[in-house]
Amino acid sequence: GPGESGFIPIQLKTDRFRGNLTKTVRVRTNDPKKPTSVLQIKGTVWTPIQIDPEYAAFSRLKSIDAEASKVIKISNHTGQPLKILEVESSNPKFGYELREIKEGNLFELEIKTAPPLVYGLNRSYFKLKTNSQDSPTLSITAHANVAKPVEATPSYLTLPVGTLDKDLKKYITIINNSGGDLVVSEPQIDLEGIEISKQELRTGKYFRYTMVFPKGFEVKENVSGSFRVKTSHEQFKTLEIPLKGYKRPVALPTR
């Protein structure tokens, strides 16, 4: 009733968590003014050696020559002085600098990109060897995505194998991430009878090609070839999107 108090038992399994933790619990009541209340649980899950954050994530970089860095803090809670004996990176596209902030207790691992990177995903696994019996090896992942100056999506065009029972539309979007304006021209597809049209959704920046595969068109199981388009970008003069066929699931007869 009004003015009364009570207890709400809440259990939290922490075996899958490390470091700082925030969770919310929704409580529903029959209070007409506030039928739902939100309780917040905050805490720190103890680990012998805490890594914060657990990985170095570089947001979409605009250039393969981009120089960026992230700092990872390594805190020792074992009660014994910690030494980091060795650091290995699986990818030379990432370098590092290790600093001891509080002797035996707090370290900073600064992970840096080491250009030139590659377009798309760059990933490295850092392995840190320590003198700790609890955690003789620490693992940290670093990844950086570099946006291509010109991107086409999807990365391949899927077509249903068989004869089309109605017109099928497929779309290719071309995005210009470079500074200047882009010109795209001369679209081609390695199949006959396909109608191709272009929309320039943002001048020089964003384009969409629509392909209409007409009713009655037969897509062969071993369909091959690609959709191609020319661009005015010096590095990406031709964009090519391969064609792939897929078999549609057969509907089972109903009893």
# chains A, B, ... in the order shown; residues from 1 in each chain; ligands from 1
>>> residues_around(residues="range 127-140 of chain A", least_positions_apart="2", cutoff="10 Å", atoms="only C-alpha atoms", output="MDAnalysis selection string")
chainID A and resid 47:56 72 74 76 78 80:90 109 111 124:125 142
>>> select_by_dssp(residues="range 46-251 of chain A", states="strand (DSSP E or B)", output="ChimeraX atom specification")
/A:49-52,55-61,69-76,84-89,94-102,106-113,120-130,137-146,150-153,157-160,162-163,168-176,184-189,195-202,206-213,218-219,226-231,238-246
>>> residues_around(residues="Lys198 in chain A", least_positions_apart="4", cutoff="12 Å", atoms="only C-alpha atoms", output="PDB file with all heavy atoms, in the first residue's frame")
ATOM      1  N   TYR A 171      19.441  -3.115 -57.527  1.00  0.00           N
ATOM      2  CA  TYR A 171      20.016  -1.782 -57.379  1.00  0.00           C
ATOM      3  C   TYR A 171      21.499  -1.863 -57.016  1.00  0.00           C
ATOM      4  O   TYR A 171      21.913  -2.704 -56.236  1.00  0.00           O
ATOM      5  CB  TYR A 171      19.283  -1.000 -56.282  1.00  0.00           C
ATOM      6  CG  TYR A 171      17.799  -0.891 -56.495  1.00  0.00           C
ATOM      7  CD1 TYR A 171      16.936  -1.815 -55.915  1.00  0.00           C
ATOM      8  CD2 TYR A 171      17.264   0.119 -57.288  1.00  0.00           C
ATOM      9  CE1 TYR A 171      15.564  -1.729 -56.107  1.00  0.00           C
ATOM     10  CE2 TYR A 171      15.893   0.216 -57.486  1.00  0.00           C
ATOM     11  CZ  TYR A 171      15.048  -0.719 -56.898  1.00  0.00           C
ATOM     12  OH  TYR A 171      13.691  -0.624 -57.099  1.00  0.00           O
ATOM     13  N   ILE A 172      22.271  -0.950 -57.602  1.00  0.00           N
ATOM     14  CA  ILE A 172      23.676  -0.756 -57.234  1.00  0.00           C
ATOM     15  C   ILE A 172      23.825   0.707 -56.818  1.00  0.00           C
ATOM     16  O   ILE A 172      23.450   1.610 -57.577  1.00  0.00           O
ATOM     17  CB  ILE A 172      24.632  -1.049 -58.413  1.00  0.00           C
ATOM     18  CG1 ILE A 172      24.532  -2.510 -58.860  1.00  0.00           C
ATOM     19  CG2 ILE A 172      26.069  -0.679 -58.036  1.00  0.00           C
ATOM     20  CD1 ILE A 172      25.180  -3.510 -57.937  1.00  0.00           C
ATOM     21  N   THR A 173      24.364   0.924 -55.615  1.00  0.00           N
ATOM     22  CA  THR A 173      24.590   2.286 -55.134  1.00  0.00           C
ATOM     23  C   THR A 173      26.078   2.589 -55.176  1.00  0.00           C
ATOM     24  O   THR A 173      26.891   1.772 -54.740  1.00  0.00           O
ATOM     25  CB  THR A 173      24.059   2.447 -53.695  1.00  0.00           C
ATOM     26  OG1 THR A 173      22.671   2.139 -53.678  1.00  0.00           O
ATOM     27  CG2 THR A 173      24.261   3.859 -53.189  1.00  0.00           C
ATOM     28  N   ILE A 174      26.428   3.752 -55.691  1.00  0.00           N
ATOM     29  CA  ILE A 174      27.834   4.174 -55.758  1.00  0.00           C
ATOM     30  C   ILE A 174      27.983   5.431 -54.910  1.00  0.00           C
ATOM     31  O   ILE A 174      27.258   6.414 -55.106  1.00  0.00           O
ATOM     32  CB  ILE A 174      28.272   4.423 -57.211  1.00  0.00           C
ATOM     33  CG1 ILE A 174      28.197   3.102 -57.993  1.00  0.00           C
ATOM     34  CG2 ILE A 174      29.679   5.007 -57.266  1.00  0.00           C
ATOM     35  CD1 ILE A 174      28.340   3.252 -59.471  1.00  0.00           C
ATOM     36  N   VAL A 183      32.197  11.528 -61.599  1.00  0.00           N
ATOM     37  CA  VAL A 183      31.358  11.270 -62.775  1.00  0.00           C
ATOM     38  C   VAL A 183      31.364   9.762 -63.010  1.00  0.00           C
ATOM     39  O   VAL A 183      32.433   9.137 -63.022  1.00  0.00           O
ATOM     40  CB  VAL A 183      31.887  12.002 -64.026  1.00  0.00           C
ATOM     41  CG1 VAL A 183      31.039  11.663 -65.251  1.00  0.00           C
ATOM     42  CG2 VAL A 183      31.904  13.514 -63.793  1.00  0.00           C
ATOM     43  N   VAL A 184      30.185   9.174 -63.155  1.00  0.00           N
ATOM     44  CA  VAL A 184      30.090   7.743 -63.476  1.00  0.00           C
ATOM     45  C   VAL A 184      29.397   7.596 -64.822  1.00  0.00           C
ATOM     46  O   VAL A 184      28.505   8.370 -65.157  1.00  0.00           O
ATOM     47  CB  VAL A 184      29.343   6.947 -62.376  1.00  0.00           C
ATOM     48  CG1 VAL A 184      30.120   6.943 -61.092  1.00  0.00           C
ATOM     49  CG2 VAL A 184      27.942   7.481 -62.153  1.00  0.00           C
ATOM     50  N   SER A 185      29.854   6.609 -65.606  1.00  0.00           N
ATOM     51  CA  SER A 185      29.322   6.491 -66.971  1.00  0.00           C
ATOM     52  C   SER A 185      29.504   5.072 -67.500  1.00  0.00           C
ATOM     53  O   SER A 185      30.197   4.248 -66.894  1.00  0.00           O
ATOM     54  CB  SER A 185      30.044   7.480 -67.899  1.00  0.00           C
ATOM     55  OG  SER A 185      31.441   7.187 -67.920  1.00  0.00           O
ATOM     56  N   GLU A 186      28.899   4.811 -68.646  1.00  0.00           N
ATOM     57  CA  GLU A 186      29.029   3.564 -69.409  1.00  0.00           C
ATOM     58  C   GLU A 186      28.751   2.305 -68.584  1.00  0.00           C
ATOM     59  O   GLU A 186      29.611   1.434 -68.464  1.00  0.00           O
ATOM     60  CB  GLU A 186      30.430   3.480 -70.044  1.00  0.00           C
ATOM     61  CG  GLU A 186      30.711   4.596 -71.034  1.00  0.00           C
ATOM     62  CD  GLU A 186      32.098   4.488 -71.653  1.00  0.00           C
ATOM     63  OE1 GLU A 186      32.446   3.363 -72.074  1.00  0.00           O
ATOM     64  OE2 GLU A 186      32.809   5.514 -71.684  1.00  0.00           O
ATOM     65  N   PRO A 187      27.542   2.202 -67.988  1.00  0.00           N
ATOM     66  CA  PRO A 187      27.219   0.976 -67.252  1.00  0.00           C
ATOM     67  C   PRO A 187      27.034  -0.201 -68.213  1.00  0.00           C
ATOM     68  O   PRO A 187      26.489  -0.045 -69.301  1.00  0.00           O
ATOM     69  CB  PRO A 187      25.902   1.327 -66.564  1.00  0.00           C
ATOM     70  CG  PRO A 187      25.277   2.358 -67.451  1.00  0.00           C
ATOM     71  CD  PRO A 187      26.418   3.149 -68.021  1.00  0.00           C
ATOM     72  N   GLN A 188      27.521  -1.356 -67.812  1.00  0.00           N
ATOM     73  CA  GLN A 188      27.394  -2.576 -68.627  1.00  0.00           C
ATOM     74  C   GLN A 188      27.107  -3.761 -67.724  1.00  0.00           C
ATOM     75  O   GLN A 188      27.572  -3.801 -66.593  1.00  0.00           O
ATOM     76  CB  GLN A 188      28.701  -2.866 -69.382  1.00  0.00           C
ATOM     77  CG  GLN A 188      29.031  -1.865 -70.472  1.00  0.00           C
ATOM     78  CD  GLN A 188      30.343  -2.233 -71.162  1.00  0.00           C
ATOM     79  OE1 GLN A 188      31.296  -2.617 -70.506  1.00  0.00           O
ATOM     80  NE2 GLN A 188      30.385  -2.133 -72.473  1.00  0.00           N
ATOM     81  N   TYR A 206      26.521  10.687 -54.917  1.00  0.00           N
ATOM     82  CA  TYR A 206      25.691   9.529 -54.587  1.00  0.00           C
ATOM     83  C   TYR A 206      24.854   9.155 -55.805  1.00  0.00           C
ATOM     84  O   TYR A 206      24.065   9.960 -56.292  1.00  0.00           O
ATOM     85  CB  TYR A 206      24.789   9.920 -53.413  1.00  0.00           C
ATOM     86  CG  TYR A 206      24.198   8.767 -52.638  1.00  0.00           C
ATOM     87  CD1 TYR A 206      24.841   8.243 -51.520  1.00  0.00           C
ATOM     88  CD2 TYR A 206      22.976   8.212 -52.999  1.00  0.00           C
ATOM     89  CE1 TYR A 206      24.291   7.200 -50.794  1.00  0.00           C
ATOM     90  CE2 TYR A 206      22.418   7.177 -52.279  1.00  0.00           C
ATOM     91  CZ  TYR A 206      23.076   6.678 -51.179  1.00  0.00           C
ATOM     92  OH  TYR A 206      22.523   5.642 -50.466  1.00  0.00           O
ATOM     93  N   PHE A 207      25.069   7.932 -56.273  1.00  0.00           N
ATOM     94  CA  PHE A 207      24.401   7.492 -57.499  1.00  0.00           C
ATOM     95  C   PHE A 207      23.704   6.160 -57.254  1.00  0.00           C
ATOM     96  O   PHE A 207      24.154   5.353 -56.432  1.00  0.00           O
ATOM     97  CB  PHE A 207      25.419   7.291 -58.634  1.00  0.00           C
ATOM     98  CG  PHE A 207      26.342   8.462 -58.839  1.00  0.00           C
ATOM     99  CD1 PHE A 207      27.499   8.600 -58.064  1.00  0.00           C
ATOM    100  CD2 PHE A 207      26.072   9.422 -59.795  1.00  0.00           C
ATOM    101  CE1 PHE A 207      28.358   9.667 -58.254  1.00  0.00           C
ATOM    102  CE2 PHE A 207      26.931  10.495 -59.994  1.00  0.00           C
ATOM    103  CZ  PHE A 207      28.075  10.623 -59.212  1.00  0.00           C
ATOM    104  N   ARG A 208      22.618   5.925 -58.006  1.00  0.00           N
ATOM    105  CA  ARG A 208      21.965   4.620 -57.932  1.00  0.00           C
ATOM    106  C   ARG A 208      21.644   4.138 -59.339  1.00  0.00           C
ATOM    107  O   ARG A 208      21.015   4.853 -60.126  1.00  0.00           O
ATOM    108  CB  ARG A 208      20.672   4.680 -57.122  1.00  0.00           C
ATOM    109  CG  ARG A 208      19.972   3.298 -57.056  1.00  0.00           C
ATOM    110  CD  ARG A 208      18.669   3.356 -56.311  1.00  0.00           C
ATOM    111  NE  ARG A 208      18.913   3.561 -54.890  1.00  0.00           N
ATOM    112  CZ  ARG A 208      18.044   4.167 -54.080  1.00  0.00           C
ATOM    113  NH1 ARG A 208      16.903   4.616 -54.554  1.00  0.00           N
ATOM    114  NH2 ARG A 208      18.329   4.311 -52.801  1.00  0.00           N
ATOM    115  N   TYR A 209      22.115   2.916 -59.637  1.00  0.00           N
ATOM    116  CA  TYR A 209      21.761   2.262 -60.890  1.00  0.00           C
ATOM    117  C   TYR A 209      20.665   1.243 -60.612  1.00  0.00           C
ATOM    118  O   TYR A 209      20.742   0.479 -59.642  1.00  0.00           O
ATOM    119  CB  TYR A 209      22.984   1.554 -61.498  1.00  0.00           C
ATOM    120  CG  TYR A 209      23.902   2.497 -62.234  1.00  0.00           C
ATOM    121  CD1 TYR A 209      25.048   3.010 -61.625  1.00  0.00           C
ATOM    122  CD2 TYR A 209      23.616   2.886 -63.551  1.00  0.00           C
ATOM    123  CE1 TYR A 209      25.883   3.886 -62.306  1.00  0.00           C
ATOM    124  CE2 TYR A 209      24.448   3.758 -64.229  1.00  0.00           C
ATOM    125  CZ  TYR A 209      25.573   4.255 -63.603  1.00  0.00           C
ATOM    126  OH  TYR A 209      26.400   5.129 -64.280  1.00  0.00           O
ATOM    127  N   THR A 210      19.646   1.262 -61.451  1.00  0.00           N
ATOM    128  CA  THR A 210      18.554   0.296 -61.354  1.00  0.00           C
ATOM    129  C   THR A 210      18.611  -0.609 -62.572  1.00  0.00           C
ATOM    130  O   THR A 210      18.700  -0.131 -63.705  1.00  0.00           O
ATOM    131  CB  THR A 210      17.187   1.000 -61.308  1.00  0.00           C
ATOM    132  OG1 THR A 210      17.172   1.914 -60.203  1.00  0.00           O
ATOM    133  CG2 THR A 210      16.049  -0.009 -61.140  1.00  0.00           C
ATOM    134  N   MET A 211      18.599  -1.913 -62.330  1.00  0.00           N
ATOM    135  CA  MET A 211      18.561  -2.902 -63.411  1.00  0.00           C
ATOM    136  C   MET A 211      17.232  -3.630 -63.367  1.00  0.00           C
ATOM    137  O   MET A 211      16.817  -4.082 -62.292  1.00  0.00           O
ATOM    138  CB  MET A 211      19.704  -3.906 -63.260  1.00  0.00           C
ATOM    139  CG  MET A 211      21.048  -3.372 -63.700  1.00  0.00           C
ATOM    140  SD  MET A 211      22.395  -4.109 -62.742  1.00  0.00           S
ATOM    141  CE  MET A 211      22.269  -3.164 -61.238  1.00  0.00           C
ATOM    142  N   VAL A 212      16.561  -3.702 -64.502  1.00  0.00           N
ATOM    143  CA  VAL A 212      15.289  -4.422 -64.578  1.00  0.00           C
ATOM    144  C   VAL A 212      15.509  -5.707 -65.359  1.00  0.00           C
ATOM    145  O   VAL A 212      15.862  -5.682 -66.544  1.00  0.00           O
ATOM    146  CB  VAL A 212      14.192  -3.558 -65.241  1.00  0.00           C
ATOM    147  CG1 VAL A 212      12.880  -4.348 -65.306  1.00  0.00           C
ATOM    148  CG2 VAL A 212      13.993  -2.254 -64.483  1.00  0.00           C
ATOM    149  N   VAL A 229      30.925  -0.275 -64.290  1.00  0.00           N
ATOM    150  CA  VAL A 229      30.669   1.129 -64.587  1.00  0.00           C
ATOM    151  C   VAL A 229      31.995   1.882 -64.492  1.00  0.00           C
ATOM    152  O   VAL A 229      32.850   1.561 -63.678  1.00  0.00           O
ATOM    153  CB  VAL A 229      29.603   1.714 -63.622  1.00  0.00           C
ATOM    154  CG1 VAL A 229      30.099   1.723 -62.185  1.00  0.00           C
ATOM    155  CG2 VAL A 229      29.175   3.109 -64.041  1.00  0.00           C
TER     156      VAL A 229
END
>>> closest_residue(among="A:Lys93, A:Lys34, A:Arg202, A:Lys112", to="Ser69 in chain A", atoms="only C-alpha atoms")
A:Lys112
>>> closest_residue(among="A:Leu168, A:Val38, A:Ala144, A:Leu239", to="Lys70 in chain A", atoms="only C-alpha atoms")
A:Ala144
>>> atom_distance(atom1="CA of Leu98 in chain A", atom2="CA of Gly43 in chain A")
28.2 Å
>>> residues_around(residues="Val223 in chain A", least_positions_apart="3", cutoff="7 Å", atoms="only C-alpha atoms", output="mmCIF file with N, CA and C atoms, in the first residue's frame")
data_model
loop_
_atom_site.group_PDB
_atom_site.id
_atom_site.type_symbol
_atom_site.label_atom_id
_atom_site.label_comp_id
_atom_site.auth_asym_id
_atom_site.auth_seq_id
_atom_site.Cartn_x
_atom_site.Cartn_y
_atom_site.Cartn_z
ATOM 1 N N VAL A 219 17.572 -17.102 -65.507
ATOM 2 C CA VAL A 219 18.852 -17.010 -64.807
ATOM 3 C C VAL A 219 19.416 -18.423 -64.688
ATOM 4 N N LYS A 220 20.570 -18.653 -65.300
ATOM 5 C CA LYS A 220 21.164 -19.990 -65.277
ATOM 6 C C LYS A 220 21.897 -20.231 -63.960
ATOM 7 N N LEU A 243 28.255 -11.151 -60.547
ATOM 8 C CA LEU A 243 26.911 -11.729 -60.495
ATOM 9 C C LEU A 243 26.982 -13.108 -59.841
ATOM 10 N N LYS A 244 25.994 -13.410 -58.990
ATOM 11 C CA LYS A 244 25.911 -14.727 -58.358
ATOM 12 C C LYS A 244 24.462 -15.205 -58.403
ATOM 13 N N GLY A 245 24.293 -16.492 -58.711
ATOM 14 C CA GLY A 245 22.953 -17.069 -58.704
ATOM 15 C C GLY A 245 22.692 -17.793 -57.402
#
>>> atom_distance(atom1="CA of Ala147 in chain A", atom2="CA of Ser63 in chain A")
7.1 Å
>>> atom_distance(atom1="CA of Lys247 in chain A", atom2="CA of Leu159 in chain A")
8.6 Å
>>> closest_residue(among="A:Ala66, A:Leu39, A:Ile241, A:Leu61", to="Tyr156 in chain A", atoms="only C-alpha atoms")
A:Ile241
>>> residues_around(residues="Leu191 in chain A", least_positions_apart="2", cutoff="9 Å", atoms="only C-alpha atoms", output="list in words")
Gln188, Ile189, Gly193, Ile194, Ser224, Gly225 and Ser226 of chain A
>>> closest_residue(among="A:Val150, A:Ser59, A:Asp181, A:Val161", to="Thr113 in chain A", atoms="only C-alpha atoms")
A:Ser59
>>> decode(residues="range 96-148 of chain A", atoms="C-alpha atoms", output="compact mmCIF listing (two decimals), in the first residue's frame")
# COMPACT_ATOMS: atom_id res chain seq x y z
CA TYR A 96 52.46 0.57 -30.32
CA GLU A 97 54.11 2.40 -27.45
CA LEU A 98 54.05 0.91 -23.94
CA ARG A 99 54.27 3.24 -20.93
CA GLU A 100 54.46 2.29 -17.25
CA ILE A 101 52.40 4.89 -15.38
CA LYS A 102 52.49 3.41 -11.85
CA GLU A 103 55.30 0.93 -11.33
CA GLY A 104 53.99 -2.63 -11.42
CA ASN A 105 50.34 -1.48 -11.30
CA LEU A 106 49.24 0.72 -14.21
CA PHE A 107 50.35 0.69 -17.85
CA GLU A 108 49.23 2.45 -21.00
CA LEU A 109 49.46 0.70 -24.35
CA GLU A 110 49.09 3.29 -27.09
CA ILE A 111 48.13 1.53 -30.33
CA LYS A 112 48.89 3.50 -33.49
CA THR A 113 48.09 2.98 -37.15
CA ALA A 114 51.24 2.49 -39.25
CA PRO A 115 50.34 3.71 -42.77
CA PRO A 116 49.89 2.85 -45.50
CA LEU A 117 46.83 0.81 -44.48
CA VAL A 118 44.65 -1.14 -46.89
CA TYR A 119 41.15 -0.19 -48.00
CA GLY A 120 38.47 -1.97 -46.00
CA LEU A 121 39.21 -3.77 -42.74
CA ASN A 122 42.65 -3.65 -41.10
CA ARG A 123 42.98 -5.88 -38.02
CA SER A 124 45.73 -6.79 -35.59
CA TYR A 125 45.95 -9.05 -32.55
CA PHE A 126 48.26 -7.82 -29.81
CA LYS A 127 49.68 -10.43 -27.47
CA LEU A 128 51.24 -9.20 -24.22
CA LYS A 129 53.37 -11.63 -22.20
CA THR A 130 53.46 -10.93 -18.45
CA ASN A 131 55.04 -12.29 -15.26
CA SER A 132 51.57 -12.97 -13.79
CA GLN A 133 50.58 -16.57 -13.07
CA ASP A 134 46.88 -15.61 -13.24
CA SER A 135 47.23 -13.92 -16.65
CA PRO A 136 50.50 -14.91 -18.34
CA THR A 137 49.15 -13.65 -21.69
CA LEU A 138 46.91 -10.64 -22.36
CA SER A 139 45.12 -10.24 -25.70
CA ILE A 140 43.99 -6.97 -27.28
CA THR A 141 42.44 -6.56 -30.73
CA ALA A 142 42.83 -3.47 -32.90
CA HIS A 143 40.78 -2.82 -36.01
CA ALA A 144 40.43 0.08 -38.39
CA ASN A 145 38.12 0.51 -41.36
CA VAL A 146 39.34 2.68 -44.22
CA ALA A 147 36.61 3.94 -46.49
CA LYS A 148 37.38 3.56 -50.19
